[in-house]
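Below you'll find the structure, written out as structure tokens, and then a few comments.
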Amino acid sequence: MYRITLTVNGKRHTVEVEDRTLLVELLREGLGLTGAHIGCDTAQCGACTVLLNGRAAKSCSVLAVQADGARVTTVEGLARGKRLHPVQAALKAEHGLQCGFCTPGLVLGLVDFLGEHPDPTPAQVRTALDGHLCRCTGYQHIVDAALTAARALREAGAGDAPEPALRELG
Ligand code: FES
Ligand code: FES
């Protein structure tokens, strides 16, 4: 067993993990943060995406020990009270989700993407969605939501934030 310390959604945790424990397993089973979903376990579906030190990462492909000392944001850490993060709000407004299985990973992937591309084209959004599989929506509503969220973030000034962590605050 290895003792690691990481900060998840602003809260510091020291936990013991096996060398084979995946970050997504630690989040879900160790910390009770079930927003990171396991859809494939082979780095294909994107449902397990979280922010690792501010950048999107598929948590089924990261060992928990690799996250020692890291800052992790899961979908549970995005909203501020009842105020949804602009990406969450846009997905809701544009009907960018149905069953919601892909949605938490998608949200965090888009938070990272929009931080890097504050004024994306639809084509850039579609490229960014590569690696996020959605069986329900047909993707058009997700693209619409990404563009709406980009607009909202620009208006809020968050799109210009140089520090990735600020993107997480919306
Ligand atoms: Fe990680 Fe599918 S569960 S990419
Ligand atoms: Fe069902 Fe995307 S909303 S998988």
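Chains: A, B, ... in order of the structure tokens. Residues: from 1 per chain. Ligands: from 1, in order shown.
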Exercise. DSSP on the backbone, then: every residue of range 19-149 of chain A marked strand (DSSP E), written as a ChimeraX atom specification.
Key: /A:49-52,55-58,71-73
Exercise. Using DSSP on the backbone coordinates, identify the residues of chain A assigned to helix (DSSP H, G or I); present them as a PyMOL selection string.
Key: chain A and resi 23-30+59-61+64-67+75-77+86-93+103-116+122-128+140-156+158-160+164-169
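Near ligand 1, at distances of 7 Å or less and with only C-alpha atoms and all ligand atoms counted, sit the residues His37, Ile38, Gly39, Cys40, Asp41, Thr42, Ala43, Gln44, Cys45, Gly46, Ala47, Cys48, Thr49, Lys58, Ser59, Cys60 and Ser61 of chain A.
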Quiz prompt | Test item: residues at most 10 Å from range 135-152 of chain A, only C-alpha atoms, excluding those fewer than 2 positions along its chain, as a PyMOL selection string | solution = chain A and resi 85-103+106-107+110-111+113-115+117-126+128-129+132-133+154-159+170
For the residues in the current selection, export N, CA and C atoms as a short mmCIF file (atom, residue, chain, number, x, y, z; two decimals), in the first residue's frame.
data_model
loop_
_atom_site.label_atom_id
_atom_site.label_comp_id
_atom_site.auth_asym_id
_atom_site.auth_seq_id
_atom_site.Cartn_x
_atom_site.Cartn_y
_atom_site.Cartn_z
N HIS A 85 -21.71 25.71 -13.25
CA HIS A 85 -20.62 26.21 -14.09
C HIS A 85 -21.22 26.51 -15.46
N PRO A 86 -20.71 27.54 -16.16
CA PRO A 86 -21.27 27.89 -17.48
C PRO A 86 -21.35 26.71 -18.45
N VAL A 87 -20.42 25.79 -18.38
CA VAL A 87 -20.49 24.62 -19.29
C VAL A 87 -21.68 23.73 -18.90
N GLN A 88 -21.87 23.55 -17.62
CA GLN A 88 -23.03 22.76 -17.16
C GLN A 88 -24.33 23.45 -17.55
N ALA A 89 -24.37 24.77 -17.31
CA ALA A 89 -25.59 25.52 -17.61
C ALA A 89 -25.91 25.46 -19.10
N ALA A 90 -24.87 25.55 -19.94
CA ALA A 90 -25.10 25.53 -21.39
C ALA A 90 -25.58 24.16 -21.85
N LEU A 91 -25.02 23.10 -21.30
CA LEU A 91 -25.49 21.75 -21.68
C LEU A 91 -26.96 21.57 -21.31
N LYS A 92 -27.33 22.12 -20.17
CA LYS A 92 -28.73 22.04 -19.75
C LYS A 92 -29.61 22.87 -20.69
N ALA A 93 -29.19 24.08 -20.97
CA ALA A 93 -30.01 24.99 -21.78
C ALA A 93 -30.16 24.51 -23.23
N GLU A 94 -29.10 23.90 -23.75
CA GLU A 94 -29.10 23.49 -25.17
C GLU A 94 -29.51 22.03 -25.35
N HIS A 95 -29.99 21.41 -24.29
CA HIS A 95 -30.40 20.00 -24.36
C HIS A 95 -29.24 19.10 -24.81
N GLY A 96 -28.07 19.36 -24.23
CA GLY A 96 -26.88 18.61 -24.61
C GLY A 96 -26.69 17.32 -23.85
N LEU A 97 -27.72 16.87 -23.17
CA LEU A 97 -27.63 15.58 -22.49
C LEU A 97 -28.98 14.88 -22.48
N GLN A 98 -28.91 13.57 -22.43
CA GLN A 98 -30.14 12.79 -22.28
C GLN A 98 -29.97 11.87 -21.07
N CYS A 99 -29.32 10.71 -21.24
CA CYS A 99 -29.16 9.84 -20.07
C CYS A 99 -28.16 10.41 -19.07
N GLY A 100 -27.21 11.21 -19.57
CA GLY A 100 -26.25 11.87 -18.69
C GLY A 100 -25.01 11.06 -18.36
N PHE A 101 -24.90 9.86 -18.91
CA PHE A 101 -23.75 9.03 -18.54
C PHE A 101 -22.44 9.67 -18.98
N CYS A 102 -22.44 10.21 -20.19
CA CYS A 102 -21.21 10.80 -20.72
C CYS A 102 -20.95 12.20 -20.16
N THR A 103 -21.98 12.80 -19.57
CA THR A 103 -21.98 14.24 -19.32
C THR A 103 -20.88 14.74 -18.37
N LEU A 106 -17.68 14.86 -20.22
CA LEU A 106 -17.81 15.85 -21.28
C LEU A 106 -17.66 17.27 -20.72
N VAL A 107 -18.30 17.52 -19.60
CA VAL A 107 -18.22 18.84 -18.97
C VAL A 107 -16.77 19.21 -18.69
N LEU A 110 -14.76 19.83 -21.81
CA LEU A 110 -15.06 21.14 -22.40
C LEU A 110 -14.50 22.28 -21.56
N VAL A 111 -14.50 22.13 -20.26
CA VAL A 111 -13.90 23.18 -19.41
C VAL A 111 -12.44 23.38 -19.80
N PHE A 113 -11.00 22.43 -22.71
CA PHE A 113 -10.94 22.89 -24.10
C PHE A 113 -11.23 24.39 -24.22
N LEU A 114 -12.28 24.83 -23.56
CA LEU A 114 -12.67 26.24 -23.69
C LEU A 114 -11.67 27.17 -23.00
N GLY A 115 -10.96 26.66 -22.04
CA GLY A 115 -9.88 27.45 -21.44
C GLY A 115 -8.77 27.71 -22.45
N HIS A 117 -9.32 27.37 -25.86
CA HIS A 117 -9.94 27.90 -27.08
C HIS A 117 -11.19 28.70 -26.70
N PRO A 118 -11.01 29.93 -26.25
CA PRO A 118 -12.17 30.69 -25.75
C PRO A 118 -13.18 31.06 -26.82
N ASP A 119 -12.78 31.03 -28.11
CA ASP A 119 -13.72 31.41 -29.17
C ASP A 119 -13.63 30.36 -30.30
N PRO A 120 -14.05 29.14 -30.00
CA PRO A 120 -13.82 28.06 -30.97
C PRO A 120 -14.82 28.08 -32.12
N THR A 121 -14.43 27.47 -33.21
CA THR A 121 -15.36 27.22 -34.32
C THR A 121 -16.09 25.92 -34.02
N PRO A 122 -17.24 25.70 -34.68
CA PRO A 122 -17.91 24.41 -34.51
C PRO A 122 -17.00 23.24 -34.86
N ALA A 123 -16.17 23.41 -35.87
CA ALA A 123 -15.26 22.32 -36.27
C ALA A 123 -14.26 22.02 -35.15
N GLN A 124 -13.76 23.07 -34.50
CA GLN A 124 -12.83 22.85 -33.38
C GLN A 124 -13.52 22.13 -32.23
N VAL A 125 -14.78 22.49 -31.98
CA VAL A 125 -15.51 21.81 -30.91
C VAL A 125 -15.67 20.33 -31.27
N ARG A 126 -16.03 20.06 -32.51
CA ARG A 126 -16.21 18.66 -32.91
C ARG A 126 -14.92 17.87 -32.76
N ALA A 128 -12.58 18.55 -30.61
CA ALA A 128 -12.36 18.41 -29.17
C ALA A 128 -13.21 17.30 -28.58
N LEU A 129 -14.36 17.04 -29.21
CA LEU A 129 -15.25 16.01 -28.67
C LEU A 129 -14.77 14.60 -29.01
N HIS A 132 -14.83 11.54 -26.58
CA HIS A 132 -16.00 11.54 -25.69
C HIS A 132 -17.15 10.89 -26.44
N LEU A 133 -17.49 9.70 -26.05
CA LEU A 133 -18.57 8.98 -26.73
C LEU A 133 -19.90 9.25 -26.05
N ARG A 154 -16.64 33.92 -22.16
CA ARG A 154 -16.00 35.15 -22.66
C ARG A 154 -16.63 36.36 -22.00
N GLU A 155 -17.96 36.34 -21.91
CA GLU A 155 -18.65 37.48 -21.31
C GLU A 155 -18.27 37.63 -19.84
N ALA A 156 -18.02 36.49 -19.20
CA ALA A 156 -17.64 36.54 -17.79
C ALA A 156 -16.16 36.85 -17.61
N GLY A 157 -15.41 36.82 -18.74
CA GLY A 157 -13.98 37.10 -18.66
C GLY A 157 -13.15 35.90 -18.27
N ALA A 158 -13.80 34.77 -17.98
CA ALA A 158 -13.06 33.59 -17.52
C ALA A 158 -12.26 32.96 -18.64
N GLY A 159 -12.66 33.20 -19.88
CA GLY A 159 -11.94 32.59 -21.00
C GLY A 159 -10.53 33.12 -21.14
N GLY A 170 -15.25 29.09 -13.22
CA GLY A 170 -16.31 29.71 -14.02
C GLY A 170 -16.47 31.15 -13.64
#
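Of the listed residues A:Leu31, A:Val24, A:Leu153, A:Cys134, the one whose atoms come nearest to ligand 2 is A:Cys134, with distances taken using only C-alpha atoms and all ligand atoms.
Reported to one decimal place, the separation of CA of Asp130 in chain A from CA of Gln66 in chain A is 24.6 Å.
Between CA of Glu116 in chain A and CA of Arg83 in chain A the separation is 22.9 Å.
Close contacts of range 26-29 of chain A, defined as residues with an atom at most 10 Å away when counting only C-alpha atoms, with chain neighbours fewer than 2 positions off set aside, comprise Val8, Val15, Glu16, Val17, Glu18, Thr21, Leu22, Leu23, Val24, Leu31, Gly32, Leu33, Thr34, Gly35, Ala36, His37, Ile38, Val50, Ser59, Leu63, Ala64, Val65, Val72 and Thr74 of chain A.
Picture a line from CA of Thr127 in chain A to CA of Arg71 in chain A; it runs 26.3 Å.
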Quiz item: Do you know which residues are at most 10 Å from Asn53 in chain A counting only C-alpha atoms, after dropping those on the same chain fewer than 4 positions away, and could you put them as a VMD selection string?
Solution: chain A and resid 7 57 67 69 to 73 164 to 165
